[in-house]
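Peer 1: Shown below is the structure under consideration.
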Amino acid sequence: MEINATYTSLVALGDSFTEGMSDPNPDGSYRGWADVLAGRLAARTPGFRYANLAVRGKLIGQIVEEQVDAAAAMKADVVTLVGGLNDTLRPSCDMGRVKALLGEAVERLAPSCGTLVLMRSPGRNGPVLERFRPRMEELFAYVDELAARRGALVVDLYGAPVLGDPRLWDVDRLHLTGEGHRRVAEAVWQTLGLPAEDDWRAPLPPGVPPAWAARRIADARFARQHLVPWIGRRLTGRSSGDGRAPKRPELLPYEPLARDVR
């Protein structure tokens with residue numbers, strides 16, 4: 001990959017990870033790694049254009065149906081696609097179908113853009129990751145296969161131990177904090193052949209583990225505020241993204257939101 005490459009446009013596809021949860025702006029909207037990356041690319045290239053079609057809760061079939069054609073029509077220099085992980089977290093998951101849909105997305109996007117970027121998504125260390133690890137690793141192995149077939153780049157976030165550190169995850173245990181998103185932006189930046197600003201893989205400083213009572217209180221709060229509502233949506237077929245539009249649906253000159261650049 002060329003060092004100091006110039007990119008003039010970016011389109012990001014996916015779910016909550018790419019929308020930017022849980023990296024809030026002061027107005028309650030979300031920033032996230034894709035917005036951070038776009039801000040940094042725009043600082044290098046006047047007239048840089050950016051679209052973010054990602055919507056929280058989307059399954060890979062919805063990403064293919066609602067985002068892929070729109071992204072392909074934009075003919076961007078860089079397209080990022082991260083999807084399928086929400087599917088793997090469902091109790092009933094047809095991995096054959098998930099991989100087929102992801103493959104369809106890649107086949108439709110690759111010819112339409114300059115550089116297609118795929119990811120092996122990060123996972124928070126804990127029992128949830130262990131339960132779904134086999135599905136995730138099956139998905140990531142297929143991501144590698146697709147990238148080799150279509151000449152796409154792969155950002156290996158899953159292989160970075162620091163991104164499993166619970167301190168980089170929000171209290172919902174599903175989404176990265178602002179620092180986590182910043183590290184992902186740096187990882188994609190470097191994968192695109194741009195000069196490193198820091199070591200995004202660097203471990204966090206040693207911390208003092210929370211006391212047993214504090215952990216139990218946190219577990220109870222997590223179950224009440226996040227786990228029970230999540231299970232309820234799964235049982236009723238609802239999604240947190242139902243009726244929600246993408247935050248940047250058109251490929252337009254980049255305009256920073258409150259905290260896109262820092």
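Within each chain, counting starts at residue 1; across the structure tokens, chains are named A, B, ... in the order shown, with ligands numbered 1 upward in that order.
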Excluding same-chain residues fewer than 6 positions from Tyr254 (chain A), what lies within 10 Å of it counting only C-alpha atoms, as a PyMOL selection string?
Peer 2: chain A and resi 9-10+35+38-39+41-43+46-51+248
Peer 1: Using only C-alpha atoms, which protein or nucleic acid residues come within 12 Å of Ala105 (chain A)? Drop anything in the same chain fewer than 4 positions from it, and give the result as a PyMOL selection string.
Peer 2: chain A and resi 13-14+60-72+79-84+98-101+109-112+116+118+143+146-147+150
Peer 1: Rounded to one decimal place, report the CA of Trp33 (chain A)-CA of Ala187 (chain A) distance in Å.
Peer 2: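 Answer for the CA of Trp33 (chain A) to CA of Ala187 (chain A) separation: 9.6 Å.
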Peer 1: Can you list, as an MDAnalysis selection string, all residues belonging to region 153-205 of chain A that DSSP tags as helix (DSSP H, G or I)?
Peer 2: chainID A and resid 161:164 166:168 178:191
Peer 1: Using only C-alpha atoms for the distances, tell me which of A:Gly243, A:Arg56, A:Ala12, A:Phe17 is nearest to Val78 (chain A).
Peer 2: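 Looking at the shortest contact to Val78 (chain A), the residue is A:Ala12.
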Peer 1: Between CA of Gly164 (chain A) and CA of Asn125 (chain A), what distance in Å does the model show, to one decimal?
Peer 2: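 Pair CA of Gly164 (chain A) / CA of Asn125 (chain A) returns 4.9 Å.
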Peer 1: What separation in Å, quoted to one decimal, exists between CA of Arg97 (chain A) and CA of Leu59 (chain A)?
Peer 2: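 A separation of 11.4 Å between them.
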Peer 1: Rank A:Ser92, A:Thr115, A:Asn52, A:Gln190 by their smallest atom-to-atom distance to Thr18 (chain A), using only C-alpha atoms, and report the top residue only.
Peer 2: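 Once distances to Thr18 (chain A) are computed over only C-alpha atoms, the minimum belongs to A:Asn52.
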